[in-house]
file run.cif (mmCIF, C-alpha atoms)
data_start
#
loop_
_atom_site.label_atom_id
_atom_site.label_comp_id
_atom_site.auth_asym_id
_atom_site.auth_seq_id
_atom_site.Cartn_x
_atom_site.Cartn_y
_atom_site.Cartn_z
CA MET A 1 0.00 0.00 0.00
CA LYS A 2 2.68 2.41 1.13
CA GLN A 3 4.77 1.41 -1.87
CA SER A 4 1.96 2.02 -4.34
CA LEU A 5 1.35 5.44 -2.79
CA ILE A 6 4.98 6.34 -3.32
CA ILE A 7 4.80 5.18 -6.94
CA LEU A 8 1.60 7.15 -7.46
CA THR A 9 3.17 10.29 -5.98
CA LEU A 10 6.22 9.86 -8.20
CA LEU A 11 4.01 9.37 -11.26
CA LEU A 12 1.91 12.43 -10.46
CA SER A 13 4.90 14.66 -9.82
CA GLY A 14 6.45 13.34 -13.03
CA ALA A 15 3.32 14.26 -14.95
CA ALA A 16 3.26 17.71 -13.38
CA TRP A 17 6.93 18.23 -14.16
CA ALA A 18 6.46 17.16 -17.78
CA ASP A 19 3.39 19.34 -18.12
CA GLY A 20 5.07 22.43 -16.70
CA ASN A 21 7.94 22.02 -19.11
CA THR A 22 6.30 20.94 -22.33
CA SER A 23 2.58 21.74 -22.47
CA LEU A 24 1.57 24.98 -24.12
CA ALA A 25 -2.10 24.61 -23.23
CA PRO A 26 -3.37 27.47 -21.05
CA ALA A 27 -3.71 26.45 -17.37
CA THR A 28 -7.47 26.93 -17.59
CA SER A 29 -9.20 27.12 -20.93
CA ASN A 30 -11.87 29.55 -22.08
CA LEU A 31 -14.83 28.37 -24.12
CA LYS A 32 -15.24 31.57 -26.14
CA TRP A 33 -11.51 31.63 -27.04
CA LYS A 34 -11.65 27.98 -28.08
CA ASN A 35 -14.89 28.26 -30.08
CA GLU A 36 -14.30 31.59 -31.78
CA CYS A 37 -10.64 31.14 -32.71
CA SER A 38 -10.98 27.54 -33.79
CA ALA A 39 -13.92 28.31 -36.11
CA CYS A 40 -11.41 29.01 -38.91
CA HIS A 41 -8.07 27.69 -37.63
CA MET A 42 -6.51 26.00 -34.65
CA ALA A 43 -6.79 28.03 -31.43
CA TYR A 44 -3.09 28.92 -31.14
CA PRO A 45 -1.45 28.83 -27.70
CA PRO A 46 -1.70 32.31 -26.12
CA ALA A 47 1.75 31.70 -24.57
CA LEU A 48 3.45 31.97 -27.97
CA LEU A 49 2.90 35.72 -28.37
CA PRO A 50 3.37 38.64 -25.97
CA GLU A 51 0.51 40.67 -24.54
CA ARG A 52 1.17 43.55 -26.99
CA SER A 53 0.68 41.19 -29.97
CA TRP A 54 -2.63 39.85 -28.69
CA ARG A 55 -3.95 43.35 -27.98
CA LYS A 56 -2.99 44.46 -31.49
CA MET A 57 -4.57 41.32 -32.99
CA MET A 58 -7.84 41.75 -31.09
CA ALA A 59 -8.02 45.43 -32.05
CA GLY A 60 -7.83 44.54 -35.75
CA LEU A 61 -10.25 41.65 -36.18
CA GLU A 62 -12.16 43.43 -38.97
CA SER A 63 -9.18 42.70 -41.19
CA HIS A 64 -7.59 39.60 -39.66
CA PHE A 65 -4.92 38.46 -42.14
CA GLY A 66 -7.16 39.83 -44.88
CA GLN A 67 -10.42 38.39 -43.57
CA ASP A 68 -13.24 39.78 -41.48
CA ALA A 69 -13.14 37.98 -38.12
CA SER A 70 -15.03 40.65 -36.18
CA LEU A 71 -16.70 39.76 -32.89
CA ASP A 72 -19.28 41.49 -30.73
CA ALA A 73 -17.71 43.80 -28.13
CA LEU A 74 -18.42 41.58 -25.11
CA THR A 75 -16.94 38.44 -26.67
CA ALA A 76 -13.90 40.37 -27.91
CA LYS A 77 -13.33 41.77 -24.41
CA GLU A 78 -13.51 38.34 -22.77
CA ILE A 79 -11.15 36.75 -25.31
CA THR A 80 -8.68 39.65 -25.09
CA ALA A 81 -8.55 39.30 -21.28
CA PHE A 82 -7.99 35.55 -21.62
CA LEU A 83 -5.20 35.97 -24.19
CA VAL A 84 -3.49 38.64 -22.09
CA ASN A 85 -3.72 36.52 -18.92
CA ASN A 86 -2.10 33.59 -20.71
CA SER A 87 0.32 35.52 -22.92
CA ALA A 88 4.07 34.81 -23.10
CA GLU A 89 4.70 37.22 -20.19
CA ARG A 90 2.22 35.48 -17.88
CA ALA A 91 2.39 31.82 -18.93
CA GLY A 92 5.70 31.31 -17.13
CA ASN A 93 6.73 28.17 -19.01
CA LYS A 94 10.09 27.54 -20.64
CA ARG A 95 8.96 28.01 -24.23
CA ALA A 96 7.09 31.23 -23.45
CA LYS A 97 10.26 32.66 -21.90
CA LYS A 98 12.25 31.74 -25.02
CA VAL A 99 9.66 33.37 -27.29
CA LEU A 100 9.82 36.54 -25.24
CA GLY A 101 13.61 36.52 -24.98
CA ALA A 102 13.97 36.36 -28.76
CA LEU A 103 11.71 39.41 -29.34
CA GLY A 104 12.75 43.05 -29.41
CA PRO A 105 11.10 45.20 -26.70
CA ASP A 106 8.74 46.90 -29.15
CA GLU A 107 8.25 44.02 -31.51
CA ALA A 108 4.59 42.95 -31.69
CA PRO A 109 4.36 40.21 -34.34
CA LEU A 110 0.91 38.97 -35.34
CA ARG A 111 2.14 35.69 -36.75
CA ILE A 112 3.69 33.19 -34.32
CA SER A 113 5.66 31.86 -37.30
CA GLU A 114 7.43 35.23 -37.64
CA THR A 115 8.88 35.24 -34.13
CA ALA A 116 12.65 34.63 -34.02
CA TRP A 117 12.01 31.71 -31.64
CA PHE A 118 9.71 29.95 -34.13
CA VAL A 119 12.09 30.51 -37.05
CA ARG A 120 14.98 29.05 -35.04
CA GLU A 121 12.95 26.04 -33.86
CA HIS A 122 11.93 25.24 -37.46
CA GLU A 123 15.16 26.10 -39.30
CA GLU A 124 15.65 22.52 -40.50
CA VAL A 125 12.25 22.53 -42.26
CA SER A 126 12.81 23.42 -45.92
CA PRO A 127 10.42 25.68 -47.91
CA GLN A 128 9.40 22.65 -50.02
CA VAL A 129 8.26 20.80 -46.90
CA TRP A 130 6.08 23.72 -45.75
CA LYS A 131 4.37 23.70 -49.15
CA ARG A 132 3.40 20.02 -49.10
CA PRO A 133 -0.39 19.74 -49.62
CA LYS A 134 -0.92 18.14 -46.20
CA ILE A 135 0.97 20.97 -44.48
CA GLY A 136 0.23 24.09 -46.55
CA SER A 137 1.89 26.69 -44.34
CA PRO A 138 3.59 27.18 -40.95
CA ALA A 139 0.17 28.21 -39.58
CA ASN A 140 -0.97 24.60 -39.72
CA CYS A 141 0.68 23.35 -36.48
CA ASN A 142 -1.32 20.15 -36.22
CA ALA A 143 -0.20 18.95 -39.65
CA CYS A 144 3.07 17.82 -38.00
CA HIS A 145 2.58 18.28 -34.24
CA GLN A 146 0.13 15.48 -33.46
CA GLY A 147 -0.73 16.88 -30.03
CA ALA A 148 -0.93 20.56 -31.04
CA GLU A 149 -4.64 20.92 -30.26
CA GLN A 150 -3.88 19.76 -26.69
CA GLY A 151 -0.85 22.04 -26.36
CA ASN A 152 1.63 19.20 -26.79
CA TYR A 153 4.53 20.21 -29.06
CA SER A 154 6.92 17.54 -27.81
CA GLU A 155 9.59 16.32 -30.24
CA HIS A 156 8.20 12.79 -29.81
CA GLN A 157 4.83 13.87 -31.19
CA ILE A 158 6.13 15.14 -34.54
CA ARG A 159 5.13 13.29 -37.73
CA ILE A 160 5.93 15.23 -40.89
CA PRO A 161 3.46 14.19 -43.64
CA ARG A 162 4.91 13.22 -47.02
CA MET B 1 -46.86 9.59 -17.48
CA THR B 2 -43.13 10.25 -17.21
CA ARG B 3 -42.58 8.71 -20.62
CA PHE B 4 -45.32 10.93 -22.05
CA THR B 5 -43.77 14.04 -20.45
CA PHE B 6 -40.40 13.14 -21.97
CA LEU B 7 -42.00 12.62 -25.37
CA VAL B 8 -43.73 16.02 -25.24
CA ALA B 9 -40.56 17.73 -24.02
CA GLY B 10 -38.58 16.03 -26.76
CA LEU B 11 -41.01 17.08 -29.46
CA LEU B 12 -41.05 20.65 -28.14
CA ALA B 13 -37.25 20.74 -28.14
CA CYS B 14 -37.14 19.50 -31.75
CA GLY B 15 -39.81 22.01 -32.69
CA ALA B 16 -37.83 24.86 -31.11
CA ALA B 17 -34.65 23.87 -32.93
CA TRP B 18 -36.40 23.59 -36.27
CA ALA B 19 -38.38 26.80 -35.80
CA ALA B 20 -35.23 28.90 -35.39
CA PRO B 21 -34.26 29.39 -39.09
CA GLN B 22 -37.88 30.42 -39.70
CA ASP B 23 -37.64 32.93 -36.84
CA LEU B 24 -34.53 34.41 -38.41
CA LEU B 25 -36.31 34.55 -41.77
CA GLN B 26 -39.20 36.45 -40.17
CA SER B 27 -36.93 38.99 -38.50
CA LEU B 28 -35.07 39.43 -41.81
CA ALA B 29 -38.43 40.14 -43.48
CA VAL B 30 -39.11 42.88 -40.89
CA GLN B 31 -35.67 44.39 -41.59
CA ALA B 32 -36.15 44.09 -45.36
CA ARG B 33 -39.41 46.05 -45.09
CA GLN B 34 -37.60 48.75 -43.11
CA GLU B 35 -34.82 48.93 -45.71
CA ASN B 36 -37.20 48.98 -48.66
CA THR B 37 -40.89 49.90 -48.43
CA ARG B 38 -41.54 48.04 -51.68
CA PHE B 39 -40.20 44.74 -50.27
CA GLN B 40 -42.44 41.87 -51.28
CA SER B 41 -40.96 38.49 -50.39
CA PHE B 42 -37.81 36.42 -50.35
CA SER B 43 -36.85 34.28 -53.31
CA ALA B 44 -34.99 30.98 -53.06
CA SER B 45 -33.91 31.22 -56.71
CA ARG B 46 -32.38 34.68 -56.19
CA GLY B 47 -30.64 33.22 -53.12
CA GLU B 48 -29.28 30.40 -55.24
CA GLN B 49 -27.89 32.90 -57.77
CA LEU B 50 -26.24 34.85 -54.95
CA TYR B 51 -24.70 31.65 -53.55
CA HIS B 52 -23.03 30.76 -56.84
CA ALA B 53 -22.30 34.29 -58.16
CA LYS B 54 -18.57 34.73 -58.77
CA GLN B 55 -17.20 38.06 -57.58
CA LEU B 56 -13.94 39.61 -58.68
CA HIS B 57 -12.39 40.62 -55.37
CA SER B 58 -10.05 43.62 -55.11
CA SER B 59 -7.28 41.14 -54.20
CA GLY B 60 -7.55 39.81 -57.76
CA LYS B 61 -9.12 36.53 -56.67
CA THR B 62 -12.49 35.32 -57.92
CA LEU B 63 -14.68 34.40 -54.95
CA SER B 64 -18.14 33.09 -54.26
CA CYS B 65 -19.91 31.46 -51.32
CA ALA B 66 -19.03 28.17 -52.99
CA SER B 67 -15.29 28.95 -52.66
CA CYS B 68 -15.48 27.66 -49.09
CA HIS B 69 -18.91 26.00 -48.88
CA THR B 70 -18.54 24.08 -52.21
CA ASP B 71 -21.13 23.93 -55.01
CA SER B 72 -23.48 21.98 -52.78
CA PRO B 73 -24.54 23.60 -49.47
CA LYS B 74 -25.20 20.04 -48.23
CA ALA B 75 -21.54 19.06 -48.58
CA LEU B 76 -18.64 19.55 -46.18
CA GLY B 77 -16.78 22.74 -46.99
CA ARG B 78 -13.17 23.80 -46.57
CA HIS B 79 -11.85 27.21 -45.52
CA ALA B 80 -10.20 28.61 -48.66
CA LYS B 81 -7.22 29.96 -46.73
CA THR B 82 -6.66 27.74 -43.68
CA GLY B 83 -8.02 24.48 -45.11
CA LYS B 84 -10.10 23.84 -41.99
CA GLU B 85 -13.21 21.74 -42.52
CA ILE B 86 -16.56 23.59 -42.54
CA LEU B 87 -19.75 21.74 -41.63
CA PRO B 88 -22.57 21.83 -44.23
CA LEU B 89 -24.50 25.10 -44.56
CA ALA B 90 -27.91 23.69 -45.45
CA PRO B 91 -30.08 23.05 -42.37
CA ALA B 92 -31.22 19.77 -44.02
CA ALA B 93 -27.66 18.47 -43.67
CA ASN B 94 -26.75 20.26 -40.43
CA HIS B 95 -29.63 21.02 -38.09
CA GLU B 96 -27.57 23.48 -36.01
CA ARG B 97 -27.31 25.92 -38.93
CA PHE B 98 -29.28 29.14 -38.42
CA ALA B 99 -30.56 27.85 -35.07
CA ASP B 100 -28.65 30.70 -33.40
CA SER B 101 -29.51 34.02 -35.09
CA ALA B 102 -26.65 35.94 -33.45
CA LYS B 103 -24.20 33.40 -34.87
CA ALA B 104 -25.86 33.60 -38.30
CA GLU B 105 -25.64 37.43 -38.30
CA LYS B 106 -21.98 37.28 -37.21
CA TRP B 107 -21.15 35.13 -40.24
CA PHE B 108 -23.30 37.14 -42.66
CA LYS B 109 -21.37 40.25 -41.61
CA ARG B 110 -17.97 38.57 -42.03
CA ASN B 111 -18.64 36.64 -45.21
CA CYS B 112 -20.48 39.42 -47.07
CA GLN B 113 -17.50 41.65 -46.31
CA ASP B 114 -14.98 38.99 -47.38
CA VAL B 115 -16.70 38.00 -50.63
CA LEU B 116 -18.72 41.07 -51.71
CA GLU B 117 -16.61 43.69 -49.88
CA ARG B 118 -19.79 45.27 -48.50
CA ALA B 119 -22.61 44.43 -46.10
CA CYS B 120 -25.51 42.36 -47.44
CA THR B 121 -29.03 43.72 -47.44
CA ALA B 122 -31.77 41.99 -45.45
CA GLN B 123 -33.30 41.09 -48.82
CA GLU B 124 -30.12 39.27 -49.85
CA LYS B 125 -29.79 37.47 -46.51
CA GLY B 126 -33.45 36.39 -46.64
CA ASP B 127 -33.10 35.17 -50.25
CA PHE B 128 -29.96 33.27 -49.27
CA LEU B 129 -31.60 31.63 -46.25
CA SER B 130 -34.71 30.79 -48.32
CA TYR B 131 -32.49 28.99 -50.82
CA LEU B 132 -30.74 27.01 -48.08
CA LEU B 133 -34.08 26.10 -46.50
CA SER B 134 -35.46 24.96 -49.87
CA ILE B 135 -32.76 22.27 -50.04
CA LYS B 136 -34.16 18.96 -48.82
#
call {"tool": "encode", "arguments": {"input": "run.cif", "output": "structure tokens"}}
result
Amino acid sequence: MKQSLIILTLLLSGAAWADGNTSLAPATSNLKWKNECSACHMAYPPALLPERSWRKMMAGLESHFGQDASLDALTAKEITAFLVNNSAERAGNKRAKKVLGALGPDEAPLRISETAWFVREHEEVSPQVWKRPKIGSPANCNACHQGAEQGNYSEHQIRIPR
Amino acid sequence: MTRFTFLVAGLLACGAAWAAPQDLLQSLAVQARQENTRFQSFSASRGEQLYHAKQLHSSGKTLSCASCHTDSPKALGRHAKTGKEILPLAPAANHERFADSAKAEKWFKRNCQDVLERACTAQEKGDFLSYLLSIK
């Protein structure tokens, strides 16, 4: 009994350790963020951009990468607060710190794929690979990162489609 | 007794869900009358033309509703830019469509702007919805 408790504790702390270091899922989710953002694309991890990027993004939804993604004021306010509360500055995980560290103080990119951190992490991926029909563009995280929707970007979960 | 209550509740729930696109159609008719005093009725065939009409967008691309929703509103669509799957637009194939009028208006606003580069009139929205509801 005592032994199994010890094993359980070890397993749980292991899971917590792994989670704190690798998961990019927000600590608590938000239904409006999930539903609204994932209507057209994956709901990208808020931790991969700084607060200033999310504020800029949410202030420009009428022309969101060339498309109208406007929301009613209340929904936009709730989602902005959620993004800010889980942004790179507040997420506190290892990857978020790297994203932030690689950005200039006034840099406010709107594409995660344009951050210096992302470019460095994906430098071995050739332009031809990005253009494969099953991938399409660097915006399509879950084409290669099998656990992307759950915030899992672990190296072990990468399968690059042919 | 309990079984009967469940049956009635179930039928009412179905009725409410199916009534919703009609409710939206009615409120669009009220708006259409406000926009145009000579408004008469909605036309499914005009809606069908609008659905398939190809527009030359200022970006140089040719777009229509079918660009994302495919030629058949009963089929699964695909977002022209992100590739994400879009559930069918016709209520006959997807009973959640137009059940929530706020959601429907949100998408009318976005998609009219993206394809036509202007807002749609209530007449156009009503014609469009009439076409989708005529699909069995």
call {"tool": "closest_residue", "arguments": {"input": "run.cif", "among": "A:Lys32, A:Arg55, A:Lys134, A:Lys94", "to": "chain B", "atoms": "only C-alpha atoms"}}
result
A:Lys134
call {"tool": "interface_residues", "arguments": {"input": "run.cif", "of": "chain B", "to": "chain A", "cutoff": "10 Å", "atoms": "all atoms listed in the file", "output": "list in words"}}
result
Ser59, Arg78, His79, Ala80, Lys81, Thr82, Gly83, Lys84, Glu85, Ile86, Ala102, Lys106, Trp107, Lys109, Arg110, Asn111, Cys112, Gln113, Asp114, Val115 and Glu117 of chain B
call {"tool": "atom_distance", "arguments": {"input": "run.cif", "atom1": "atom CA of A:Thr75", "atom2": "atom CA of A:Ser29"}}
result
14.9 Å
call {"tool": "closest_residue", "arguments": {"input": "run.cif", "among": "B:Gln55, B:Ser67, B:Ser72, B:Ser130", "to": "B:Arg118", "atoms": "only C-alpha atoms"}}
result
B:Gln55
call {"tool": "closest_residue", "arguments": {"input": "run.cif", "among": "A:Ile112, A:Ile160, A:Val119, A:Leu48", "to": "A:Leu24", "atoms": "only C-alpha atoms"}}
result
A:Leu48
call {"tool": "residues_near_point", "arguments": {"input": "run.cif", "point": "(-35.9, 29.4, -47.5)", "cutoff": "10 Å", "atoms": "only C-alpha atoms", "output": "JSON list (two decimals) with C-alpha atoms, keeping the file's coordinate frame"}}
result
[["chain", "number", "residue", "atom", "x", "y", "z"],
["B", 21, "PRO", "CA", -34.26, 29.39, -39.09],
["B", 22, "GLN", "CA", -37.88, 30.42, -39.70],
["B", 25, "LEU", "CA", -36.31, 34.55, -41.77],
["B", 42, "PHE", "CA", -37.81, 36.42, -50.35],
["B", 43, "SER", "CA", -36.85, 34.28, -53.31],
["B", 44, "ALA", "CA", -34.99, 30.98, -53.06],
["B", 45, "SER", "CA", -33.91, 31.22, -56.71],
["B", 47, "GLY", "CA", -30.64, 33.22, -53.12],
["B", 126, "GLY", "CA", -33.45, 36.39, -46.64],
["B", 127, "ASP", "CA", -33.10, 35.17, -50.25],
["B", 128, "PHE", "CA", -29.96, 33.27, -49.27],
["B", 129, "LEU", "CA", -31.60, 31.63, -46.25],
["B", 130, "SER", "CA", -34.71, 30.79, -48.32],
["B", 131, "TYR", "CA", -32.49, 28.99, -50.82],
["B", 132, "LEU", "CA", -30.74, 27.01, -48.08],
["B", 133, "LEU", "CA", -34.08, 26.10, -46.50],
["B", 134, "SER", "CA", -35.46, 24.96, -49.87],
["B", 135, "ILE", "CA", -32.76, 22.27, -50.04]]
call {"tool": "atom_distance", "arguments": {"input": "run.cif", "atom1": "atom CA of A:Glu107", "atom2": "atom CA of A:Lys34"}}
result
25.8 Å
call {"tool": "atom_distance", "arguments": {"input": "run.cif", "atom1": "atom CA of B:Lys136", "atom2": "atom CA of B:Gln40"}}
result
24.5 Å
call {"tool": "closest_residue", "arguments": {"input": "run.cif", "among": "A:Ala148, A:Leu100, A:Val125, A:Met58", "to": "A:Ile79", "atoms": "all atoms listed in the file"}}
result
A:Met58
call {"tool": "axis_aligned_box", "arguments": {"input": "run.cif", "around": "stretch 34-46 of chain B", "padding_each_side": "4 Å", "output": "AutoDock Vina command-line options"}}
result
--center_x -37.4 --center_y 40.4 --center_z -49.9 --size_x 18.1 --size_y 26.9 --size_z 21.6
